[in-house]
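Visitor: Handing over structure_18.tsv, TSV, C-alpha atoms.
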```tsv
chain	number	residue	atom	x	y	z
O	1	MET	CA	0.00	0.00	0.00
O	2	ASP	CA	1.53	3.34	-0.94
O	3	ALA	CA	2.10	6.03	1.64
O	4	LEU	CA	-0.78	8.31	0.66
O	5	THR	CA	-3.34	5.52	0.91
O	6	ALA	CA	-1.79	4.60	4.24
O	7	ALA	CA	-2.31	8.20	5.38
O	8	LEU	CA	-6.00	7.88	4.45
O	9	LYS	CA	-6.31	4.70	6.46
O	10	VAL	CA	-4.59	6.22	9.48
O	11	ALA	CA	-6.73	9.35	9.41
O	12	ALA	CA	-9.87	7.25	9.06
O	13	SER	CA	-8.90	5.35	12.20
O	14	GLY	CA	-8.47	8.72	13.91
O	15	LEU	CA	-11.98	9.71	12.92
O	16	GLY	CA	-13.33	6.48	14.33
O	17	ALA	CA	-11.49	6.91	17.61
O	18	GLN	CA	-12.62	10.51	18.09
O	19	SER	CA	-16.20	9.50	17.28
O	20	GLU	CA	-16.08	6.91	20.03
O	21	ARG	CA	-14.71	9.54	22.37
O	22	LEU	CA	-17.58	11.89	21.51
O	23	ARG	CA	-20.05	9.07	22.11
O	24	VAL	CA	-18.64	8.50	25.60
O	25	VAL	CA	-18.77	12.23	26.34
O	26	SER	CA	-22.39	12.46	25.24
O	27	GLU	CA	-23.30	9.47	27.41
O	28	ASN	CA	-21.68	11.14	30.39
O	29	LEU	CA	-23.45	14.42	29.71
O	30	ALA	CA	-26.82	12.74	29.19
O	31	ASN	CA	-26.45	10.87	32.50
O	32	ALA	CA	-24.99	13.74	34.54
O	33	GLN	CA	-28.04	13.71	36.76
O	34	SER	CA	-28.88	10.02	36.74
O	35	THR	CA	-29.07	8.89	40.32
O	36	GLY	CA	-29.83	5.37	41.48
O	37	THR	CA	-33.41	4.16	41.99
O	38	ALA	CA	-33.26	2.53	45.42
O	39	PRO	CA	-32.29	4.28	48.66
O	40	GLY	CA	-28.51	4.46	48.97
O	41	ALA	CA	-27.97	2.97	45.51
O	42	ASP	CA	-25.06	4.01	43.34
O	43	PRO	CA	-25.75	6.50	40.53
O	44	TYR	CA	-24.34	6.56	37.00
O	45	ARG	CA	-20.57	6.18	37.10
O	46	ARG	CA	-18.65	8.30	34.59
O	47	LYS	CA	-17.14	6.47	31.62
O	48	THR	CA	-13.62	7.10	30.37
O	49	ILE	CA	-12.04	6.08	27.09
O	50	SER	CA	-8.39	5.34	26.34
O	51	PHE	CA	-6.62	5.00	23.01
O	52	VAL	CA	-3.69	2.92	21.91
O	53	ALA	CA	-1.49	3.19	18.82
O	54	GLU	CA	-1.45	0.16	16.53
O	55	LEU	CA	1.19	-0.35	13.85
O	56	ASP	CA	-0.63	-1.57	10.76
O	57	ARG	CA	1.51	-4.17	8.99
O	58	SER	CA	0.10	-3.80	5.51
O	59	SER	CA	0.37	-0.04	5.27
O	60	GLY	CA	3.13	0.76	7.76
O	61	GLY	CA	1.10	3.52	9.38
O	62	SER	CA	0.31	4.06	13.06
O	63	LEU	CA	-3.40	3.54	13.42
O	64	VAL	CA	-5.22	4.54	16.60
O	65	GLU	CA	-7.59	2.09	18.25
O	66	VAL	CA	-9.84	2.33	21.29
O	67	ASN	CA	-7.96	0.48	24.03
O	68	SER	CA	-10.80	0.27	26.50
O	69	ILE	CA	-13.82	2.07	27.89
O	70	ASP	CA	-13.53	2.11	31.66
O	71	ARG	CA	-15.34	3.61	34.58
O	72	ASP	CA	-13.99	6.58	36.47
O	73	PRO	CA	-13.21	5.29	39.98
O	74	SER	CA	-13.39	8.70	41.68
O	75	PRO	CA	-15.93	8.93	44.51
O	76	PHE	CA	-19.51	10.04	44.01
O	77	PRO	CA	-20.35	13.56	45.26
O	78	VAL	CA	-23.20	13.69	47.70
O	79	GLU	CA	-26.12	16.13	47.74
O	80	PHE	CA	-28.80	16.73	50.29
O	81	GLN	CA	-32.12	15.81	48.64
O	82	PRO	CA	-34.41	14.13	51.19
O	83	GLY	CA	-37.30	13.77	48.72
O	84	ASN	CA	-35.27	11.81	46.17
O	85	GLU	CA	-36.06	8.10	45.89
O	86	ALA	CA	-32.34	7.34	46.18
O	87	ALA	CA	-31.92	9.32	49.38
O	88	ASP	CA	-30.40	7.37	52.24
O	89	ASP	CA	-31.73	7.52	55.79
O	90	ARG	CA	-30.08	10.92	56.40
O	91	GLY	CA	-31.51	12.40	53.18
O	92	TYR	CA	-28.28	12.39	51.16
O	93	VAL	CA	-28.21	11.27	47.55
O	94	LYS	CA	-25.13	10.06	45.75
O	95	MET	CA	-24.79	11.96	42.44
O	96	PRO	CA	-22.90	10.83	39.32
O	97	ASN	CA	-19.20	11.73	39.34
O	98	VAL	CA	-19.70	13.66	36.09
O	99	ASN	CA	-18.39	17.22	35.93
O	100	VAL	CA	-20.24	18.95	33.11
O	101	LEU	CA	-17.47	21.47	32.53
O	102	VAL	CA	-14.87	18.74	32.18
O	103	GLU	CA	-17.08	16.90	29.72
O	104	MET	CA	-17.64	20.04	27.65
O	105	ALA	CA	-13.90	20.69	27.50
O	106	ASP	CA	-13.35	17.09	26.43
O	107	MET	CA	-15.98	17.47	23.76
O	108	THR	CA	-14.27	20.57	22.39
O	109	GLU	CA	-10.97	18.72	22.26
O	110	ALA	CA	-12.56	15.74	20.56
O	111	ASN	CA	-14.11	18.04	17.96
O	112	ARG	CA	-10.75	19.67	17.30
O	113	SER	CA	-9.05	16.32	16.81
O	114	TYR	CA	-11.88	15.14	14.61
O	115	GLU	CA	-11.55	18.21	12.39
O	116	ALA	CA	-7.78	17.75	12.16
O	117	ASN	CA	-8.21	14.11	11.06
O	118	LEU	CA	-10.80	15.18	8.53
O	119	GLN	CA	-8.36	17.70	7.11
O	120	VAL	CA	-5.74	15.00	6.71
O	121	ILE	CA	-8.23	12.87	4.79
O	122	LYS	CA	-9.09	15.75	2.49
O	123	GLN	CA	-5.45	16.55	1.86
O	124	ALA	CA	-4.38	12.97	1.22
O	125	ARG	CA	-7.26	12.58	-1.18
O	126	ASP	CA	-6.29	15.80	-2.97
O	127	LEU	CA	-2.64	14.74	-3.27
O	128	ILE	CA	-3.68	11.43	-4.83
O	129	SER	CA	-5.94	13.32	-7.19
O	130	MET	CA	-3.12	15.70	-8.18
O	131	THR	CA	-0.87	12.77	-8.98
O	132	ILE	CA	-3.45	11.20	-11.25
O	133	ASP	CA	-4.05	14.58	-12.91
O	134	LEU	CA	-0.48	14.58	-14.19
O	135	MET	CA	-1.61	12.14	-16.83
O	136	ARG	CA	-4.54	14.20	-18.01
O	137	ASN	CA	-4.79	16.96	-20.57
O	138	GLN	CA	-2.29	15.77	-23.06
L	1	MET	CA	26.10	12.69	-7.88
L	2	GLU	CA	22.56	13.11	-6.64
L	3	PRO	CA	19.76	12.51	-9.16
L	4	VAL	CA	20.27	15.37	-11.59
L	5	ASN	CA	17.50	14.16	-13.84
L	6	LEU	CA	14.55	16.39	-13.11
L	7	PHE	CA	11.82	13.77	-13.42
L	8	ASP	CA	13.81	11.38	-11.23
L	9	LEU	CA	14.27	14.01	-8.55
L	10	ALA	CA	10.61	14.99	-8.70
L	11	SER	CA	9.57	11.38	-8.32
L	12	ARG	CA	11.83	10.97	-5.32
L	13	GLN	CA	10.55	14.11	-3.66
L	14	ALA	CA	6.96	13.01	-4.26
L	15	ASP	CA	7.68	9.70	-2.52
L	16	TRP	CA	9.30	11.53	0.37
L	17	LEU	CA	6.34	13.90	0.68
L	18	ALA	CA	3.92	10.97	0.73
L	19	VAL	CA	5.86	9.32	3.54
L	20	ARG	CA	5.86	12.60	5.45
L	21	GLN	CA	2.12	12.91	4.91
L	22	SER	CA	1.53	9.50	6.43
L	23	ALA	CA	3.80	10.30	9.40
L	24	VAL	CA	1.80	13.50	10.01
L	25	ALA	CA	-1.44	11.51	9.67
L	26	GLY	CA	-0.20	9.06	12.29
L	27	ASN	CA	0.69	11.90	14.65
L	28	ILE	CA	-2.67	13.61	14.25
L	29	ALA	CA	-4.60	10.35	14.66
L	30	ASN	CA	-2.62	9.57	17.83
L	31	ALA	CA	-2.75	13.08	19.28
L	32	ASN	CA	-4.56	11.73	22.34
L	33	THR	CA	-2.84	8.37	22.69
L	34	PRO	CA	-0.94	8.04	25.97
L	35	GLY	CA	2.78	7.46	25.57
L	36	TYR	CA	2.81	8.16	21.85
L	37	THR	CA	5.84	10.05	20.54
L	38	ALA	CA	5.41	12.14	17.41
L	39	ASN	CA	7.34	10.93	14.37
L	40	ASP	CA	8.74	12.73	11.39
L	41	VAL	CA	10.62	11.65	8.30
L	42	GLU	CA	14.30	12.51	7.89
L	43	PRO	CA	15.00	15.72	5.93
L	44	PHE	CA	15.02	15.44	2.15
L	45	GLU	CA	18.59	16.75	1.91
L	46	LYS	CA	19.74	13.83	4.03
L	47	VAL	CA	17.94	11.44	1.70
L	48	LEU	CA	19.72	12.92	-1.31
L	49	ASP	CA	23.11	12.79	0.40
L	50	ARG	CA	22.54	9.20	1.45
L	51	ALA	CA	21.52	8.15	-2.04
L	52	THR	CA	24.87	9.32	-3.34
L	53	VAL	CA	26.91	7.59	-0.67
L	54	SER	CA	25.61	4.06	-0.82
L	55	LEU	CA	22.86	1.89	-2.07
L	56	ALA	CA	23.27	-0.47	0.87
L	57	ALA	CA	20.30	-2.03	2.64
L	58	THR	CA	18.44	0.15	5.09
L	59	GLN	CA	19.35	-0.02	8.75
L	60	SER	CA	17.23	-2.09	11.06
L	61	GLY	CA	14.64	-0.29	13.11
L	62	HIS	CA	13.68	2.11	10.35
L	63	LEU	CA	10.05	2.23	9.36
L	64	GLY	CA	10.37	3.19	5.77
L	65	PHE	CA	7.88	2.90	2.99
L	66	GLY	CA	9.20	0.74	0.24
L	67	VAL	CA	11.13	2.80	-2.22
L	68	SER	CA	13.33	0.25	-3.85
L	69	ASP	CA	16.87	1.30	-3.07
L	70	ALA	CA	16.67	3.62	-0.09
L	71	ALA	CA	13.64	3.77	2.18
L	72	PHE	CA	13.05	6.97	4.12
L	73	ALA	CA	13.69	6.71	7.85
L	74	VAL	CA	10.76	7.72	10.03
L	75	LYS	CA	12.06	8.51	13.51
L	76	PRO	CA	10.66	10.14	16.63
L	77	GLN	CA	11.20	13.85	16.28
L	78	ASP	CA	12.89	16.12	18.82
L	79	TYR	CA	10.50	17.46	21.41
L	80	ASP	CA	11.34	20.26	23.78
L	81	GLY	CA	7.88	21.24	24.91
L	82	ALA	CA	6.25	20.55	28.25
L	83	ILE	CA	6.12	16.90	29.30
L	84	MET	CA	2.47	15.98	29.51
L	85	PRO	CA	1.24	13.51	32.14
L	86	SER	CA	0.16	11.32	29.25
L	87	ARG	CA	3.72	11.45	27.81
L	88	ASN	CA	2.18	12.30	24.44
L	89	THR	CA	4.39	14.63	22.40
L	90	VAL	CA	2.09	15.56	19.54
L	91	VAL	CA	1.45	19.27	19.05
L	92	LEU	CA	-1.57	19.51	16.79
L	93	GLU	CA	-0.75	22.96	15.41
L	94	ASP	CA	2.74	21.86	14.36
L	95	GLU	CA	1.32	18.81	12.64
L	96	LEU	CA	-1.18	20.93	10.72
L	97	MET	CA	1.66	23.28	9.71
L	98	LYS	CA	3.63	20.30	8.44
L	99	ALA	CA	0.61	19.12	6.50
L	100	GLY	CA	0.39	22.56	4.89
L	101	GLU	CA	4.06	22.42	3.89
L	102	VAL	CA	3.56	18.97	2.40
L	103	ARG	CA	0.65	20.23	0.36
L	104	ARG	CA	2.51	23.27	-0.99
L	105	SER	CA	5.57	21.27	-1.92
L	106	PHE	CA	3.43	18.62	-3.55
L	107	GLU	CA	1.55	21.18	-5.62
L	108	LEU	CA	4.82	22.73	-6.80
L	109	ASN	CA	6.20	19.28	-7.55
L	110	THR	CA	3.26	18.21	-9.71
L	111	ALA	CA	3.14	21.59	-11.44
L	112	ILE	CA	6.83	21.37	-12.36
L	113	VAL	CA	6.45	17.83	-13.63
L	114	LYS	CA	3.39	18.75	-15.64
L	115	ALA	CA	5.11	21.77	-17.21
L	116	PHE	CA	8.26	19.94	-18.21
L	117	HIS	CA	6.31	16.96	-19.41
L	118	SER	CA	4.21	19.13	-21.69
L	119	MET	CA	7.38	20.82	-22.96
L	120	MET	CA	8.82	17.42	-23.75
L	121	MET	CA	5.69	16.43	-25.59
L	122	MET	CA	5.63	19.70	-27.49
L	123	ALA	CA	9.20	19.41	-28.60
L	124	THR	CA	8.93	15.83	-29.75
L	125	LYS	CA	5.64	16.21	-31.56
L	126	GLY	CA	5.93	15.86	-35.32
U	1	MET	CA	14.63	6.89	-18.85
U	2	ILE	CA	13.56	10.33	-19.99
U	3	GLY	CA	16.55	12.62	-19.80
U	4	GLY	CA	16.56	16.24	-18.76
U	5	ILE	CA	14.84	18.77	-20.94
U	6	GLY	CA	18.26	20.13	-21.91
U	7	ALA	CA	18.93	16.89	-23.71
U	8	ILE	CA	16.68	18.01	-26.51
U	9	HIS	CA	19.25	19.11	-28.99
U	10	LEU	CA	18.21	22.54	-29.99
U	11	SER	CA	21.76	23.63	-29.38
U	12	ARG	CA	22.78	23.11	-33.00
U	13	PRO	CA	22.18	26.51	-34.51
U	14	VAL	CA	19.93	26.02	-37.46
U	15	GLY	CA	21.51	27.07	-40.75
U	16	THR	CA	25.20	26.68	-39.93
U	17	SER	CA	27.13	24.07	-41.77
U	18	ASP	CA	28.50	22.12	-38.80
U	19	GLY	CA	26.45	19.09	-39.73
U	20	GLY	CA	23.47	20.10	-37.67
U	21	THR	CA	19.97	19.76	-38.92
U	22	GLY	CA	21.14	20.52	-42.45
U	23	LEU	CA	17.82	22.09	-43.30
U	24	LEU	CA	19.17	25.35	-44.56
U	25	SER	CA	22.70	24.28	-45.34
U	26	GLY	CA	21.70	23.18	-48.80
U	27	GLY	CA	20.20	26.47	-49.86
U	28	ALA	CA	22.54	28.67	-47.87
U	29	ALA	CA	25.30	28.98	-50.45
U	30	PRO	CA	23.56	30.66	-53.41
U	31	ALA	CA	21.42	32.98	-51.27
U	32	ALA	CA	24.07	33.45	-48.61
U	33	ASP	CA	23.67	37.20	-48.16
U	34	ALA	CA	19.90	37.27	-47.86
U	35	SER	CA	19.59	34.24	-45.64
U	36	ALA	CA	22.65	34.87	-43.46
U	37	SER	CA	20.91	37.36	-41.23
U	38	PHE	CA	17.83	35.14	-41.08
U	39	ALA	CA	19.92	32.11	-40.16
U	40	GLU	CA	21.67	34.18	-37.53
U	41	ALA	CA	18.40	35.32	-36.11
U	42	VAL	CA	17.10	31.78	-36.01
U	43	SER	CA	20.28	30.44	-34.40
U	44	GLN	CA	20.23	33.16	-31.80
U	45	ALA	CA	16.62	32.34	-31.03
U	46	ALA	CA	17.52	28.68	-30.71
U	47	SER	CA	20.42	29.28	-28.31
U	48	ARG	CA	18.31	31.65	-26.25
U	49	THR	CA	15.75	28.89	-26.03
U	50	VAL	CA	18.35	26.47	-24.76
U	51	ASP	CA	19.56	28.93	-22.13
U	52	THR	CA	16.03	29.59	-20.98
U	53	LEU	CA	15.34	25.88	-20.76
U	54	ARG	CA	18.56	25.21	-18.87
U	55	ASN	CA	17.75	27.97	-16.41
U	56	ALA	CA	14.24	26.66	-15.91
U	57	GLU	CA	15.58	23.18	-15.26
U	58	GLN	CA	18.15	24.49	-12.76
U	59	VAL	CA	15.64	26.54	-10.82
U	60	SER	CA	13.16	23.66	-10.80
U	61	ILE	CA	15.75	21.24	-9.47
U	62	GLN	CA	16.53	23.72	-6.71
U	63	ALA	CA	12.84	23.97	-5.91
U	64	LEU	CA	12.48	20.20	-5.74
U	65	LYS	CA	15.41	20.02	-3.35
U	66	GLY	CA	13.58	22.45	-1.17
U	67	ASP	CA	14.96	25.95	-1.50
U	68	ALA	CA	13.82	28.18	-4.28
U	69	ASP	CA	11.44	31.07	-4.52
U	70	THR	CA	8.15	29.85	-5.93
U	71	ARG	CA	7.68	32.93	-8.07
U	72	GLN	CA	11.12	32.50	-9.60
U	73	VAL	CA	10.34	28.92	-10.50
U	74	VAL	CA	7.05	29.87	-12.09
U	75	ASP	CA	8.62	32.72	-14.05
U	76	ALA	CA	11.50	30.59	-15.27
U	77	VAL	CA	9.27	27.72	-16.33
U	78	MET	CA	6.81	29.99	-18.11
U	79	SER	CA	9.63	31.71	-19.99
U	80	ALA	CA	10.92	28.31	-21.02
U	81	GLN	CA	7.49	27.26	-22.22
U	82	GLN	CA	7.14	30.43	-24.27
U	83	ALA	CA	10.62	30.11	-25.75
U	84	LEU	CA	10.05	26.46	-26.59
U	85	GLN	CA	6.70	27.15	-28.16
U	86	ALA	CA	8.29	29.83	-30.36
U	87	ALA	CA	11.20	27.57	-31.28
U	88	VAL	CA	8.87	24.74	-32.22
U	89	ALA	CA	6.74	27.07	-34.31
U	90	ILE	CA	9.84	28.31	-36.13
U	91	ARG	CA	11.05	24.77	-36.67
U	92	ASP	CA	7.68	23.75	-38.09
U	93	LYS	CA	7.63	26.75	-40.42
U	94	ILE	CA	11.13	25.99	-41.63
U	95	VAL	CA	10.29	22.37	-42.23
U	96	SER	CA	7.13	23.18	-44.16
U	97	ALA	CA	8.95	25.88	-46.14
U	98	TYR	CA	11.64	23.38	-47.06
U	99	LEU	CA	9.03	20.86	-48.13
U	100	ASP	CA	7.30	23.52	-50.21
U	101	VAL	CA	10.54	24.43	-51.89
U	102	SER	CA	11.44	20.82	-52.56
U	103	ARG	CA	8.04	20.27	-54.18
U	104	MET	CA	8.46	23.13	-56.61
U	105	SER	CA	8.81	22.00	-60.16
U	106	ILE	CA	11.90	23.31	-61.87
```
As structure tokens - that is how I would like this structure written.

Guide:
Amino acid sequence: MDALTAALKVAASGLGAQSERLRVVSENLANAQSTGTAPGADPYRRKTISFVAELDRSSGGSLVEVNSIDRDPSPFPVEFQPGNEAADDRGYVKMPNVNVLVEMADMTEANRSYEANLQVIKQARDLISMTIDLMRNQ
Amino acid sequence: MEPVNLFDLASRQADWLAVRQSAVAGNIANANTPGYTANDVEPFEKVLDRATVSLAATQSGHLGFGVSDAAFAVKPQDYDGAIMPSRNTVVLEDELMKAGEVRRSFELNTAIVKAFHSMMMMATKG
Amino acid sequence: MIGGIGAIHLSRPVGTSDGGTGLLSGGAAPAADASASFAEAVSQAASRTVDTLRNAEQVSIQALKGDADTRQVVDAVMSAQQALQAAVAIRDKIVSAYLDVSRMSI
């Protein structure tokens, strides 16, 4: 596989990885207020995603793959909401360990990386096109 | 003597630019991968110098894309920025700059080849 | 392998009798005075073309190696294209004129 096609493959893997990251962020944001249902039950635990670089034998490029989607082990913050169905006997409810601001910042980063990968795809495609154009217009 | 033939040189530079493009693509794709060190291809001048010195087999440990006699070495590039907790050394803006350089050089390369090719054709036409 | 553009041998000035193209060498003797200045003009044009082409090739090779001003490259290559176009047009005219002359009945 020639280098430009390899670049396309690598950038496509980048798009996939960043899409997964955005999916995890949107899950976290959607569940930022999801408490448990029974008294004292655990709420939604924040998800985290990690990437790993994979050397692709056929093309020689460094692809990026999703290594794993884990749970954030940090402790749940507690709020005083006696009326909540998940309130314990003292009226405290465990809330998801999702910080909306952190998630929004992550989302902005993921968008930026996604755009950068998209630009690489466009450029690699254009360079291939330019090469083929050399033959045209005799 | 380095390749003095214009079409030869242009072909070589185009290969080099393609390898650089894929190195940049790898860096951008892995901009958030923990422990990933950004790569870059060796400078083109070095490639030309090397081609004159020897046609020996490439050294082990080089990830080169298969150009028949001398593959281009892709090595981790020097990094003197802040050490991130993730030990990732990719700076996205630098990679996008590099991509821009690749594009400009590639456009010039294909334009030169096209111009000289059409001159060749014009001169040899009956 | 296609050689450099300078390998196209336009360096033989057309019209001189050094065994070049030989197109005008046949008719040069009887009409020497009238055609001498024309042959000179053509040969000068041809050598200018070669210089322009050589320069364009040099500048382009510099650009491919990585250090040349883009505008200079473009200017040099365009000049070369213009010069070559003119030279080819002249060559074609000369060839067709020669063929016309050779077809004339005596």

Visitor: Show me, as an MDAnalysis selection string, every residue of chain U with an atom at most 12 Å from chain L, counting all atoms listed in the file.

Guide: chainID U and resid 1:10 49 53:54 56:92 95:96

Visitor: Just need the residues of chain L within 10 Å of chain O, counting all atoms listed in the file, so spit them out as a PyMOL selection string.

Guide: chain L and resi 14-36+39+63-67+92-93+95-96+99-100+102-103+106-107+109-111+113-115+117-118+121-122

Visitor: Can you tell me, as a list in words, what residues are no more than 10 Å from Thr35 of chain O when counting all atoms listed in the file, ignoring any on the same chain fewer than 6 positions away?

Guide: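 Surrounding residues, per the criterion: Ala41, Asp42, Pro43, Tyr44, Arg45, Asn84, Glu85, Ala86, Ala87, Val93, Lys94, Met95 and Pro96 of chain O.
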
Visitor: Go ahead and write the residues just picked, C-alpha atoms, as a compact mmCIF listing (two decimals), keeping the file's coordinate frame.

Guide:
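The new file selection.txt reads:
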```
# COMPACT_ATOMS: atom_id res chain seq x y z
CA ALA O 41 -27.97 2.97 45.51
CA ASP O 42 -25.06 4.01 43.34
CA PRO O 43 -25.75 6.50 40.53
CA TYR O 44 -24.34 6.56 37.00
CA ARG O 45 -20.57 6.18 37.10
CA ASN O 84 -35.27 11.81 46.17
CA GLU O 85 -36.06 8.10 45.89
CA ALA O 86 -32.34 7.34 46.18
CA ALA O 87 -31.92 9.32 49.38
CA VAL O 93 -28.21 11.27 47.55
CA LYS O 94 -25.13 10.06 45.75
CA MET O 95 -24.79 11.96 42.44
CA PRO O 96 -22.90 10.83 39.32
```

Visitor: Report the distance between atom CA of Val41 of chain L and atom CA of Lys122 of chain O in Å, rounded to one decimal place.

Guide: 21.0 Å

Visitor: Report, in Å with one decimal, the straight-line distance from atom CA of Glu20 of chain O to atom CA of Met97 of chain L.

Guide: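 Answer for the atom CA of Glu20 of chain O to atom CA of Met97 of chain L separation: 26.3 Å.
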
Visitor: Which distance in Å separates atom CA of Asp70 of chain O and atom CA of Ile49 of chain O, to one decimal?

Guide: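 Between atom CA of Asp70 of chain O and atom CA of Ile49 of chain O the gap is 6.2 Å.
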
Visitor: Output segment 14-32 of chain L from the block with C-alpha atoms, as a short mmCIF file (atom, residue, chain, number, x, y, z; two decimals), in the first residue's frame?

Guide:
```cif
data_model
loop_
_atom_site.label_atom_id
_atom_site.label_comp_id
_atom_site.auth_asym_id
_atom_site.auth_seq_id
_atom_site.Cartn_x
_atom_site.Cartn_y
_atom_site.Cartn_z
CA ALA L 14 6.96 13.01 -4.26
CA ASP L 15 7.68 9.70 -2.52
CA TRP L 16 9.30 11.53 0.37
CA LEU L 17 6.34 13.90 0.68
CA ALA L 18 3.92 10.97 0.73
CA VAL L 19 5.86 9.32 3.54
CA ARG L 20 5.86 12.60 5.45
CA GLN L 21 2.12 12.91 4.91
CA SER L 22 1.53 9.50 6.43
CA ALA L 23 3.80 10.30 9.40
CA VAL L 24 1.80 13.50 10.01
CA ALA L 25 -1.44 11.51 9.67
CA GLY L 26 -0.20 9.06 12.29
CA ASN L 27 0.69 11.90 14.65
CA ILE L 28 -2.67 13.61 14.25
CA ALA L 29 -4.60 10.35 14.66
CA ASN L 30 -2.62 9.57 17.83
CA ALA L 31 -2.75 13.08 19.28
CA ASN L 32 -4.56 11.73 22.34
#
```
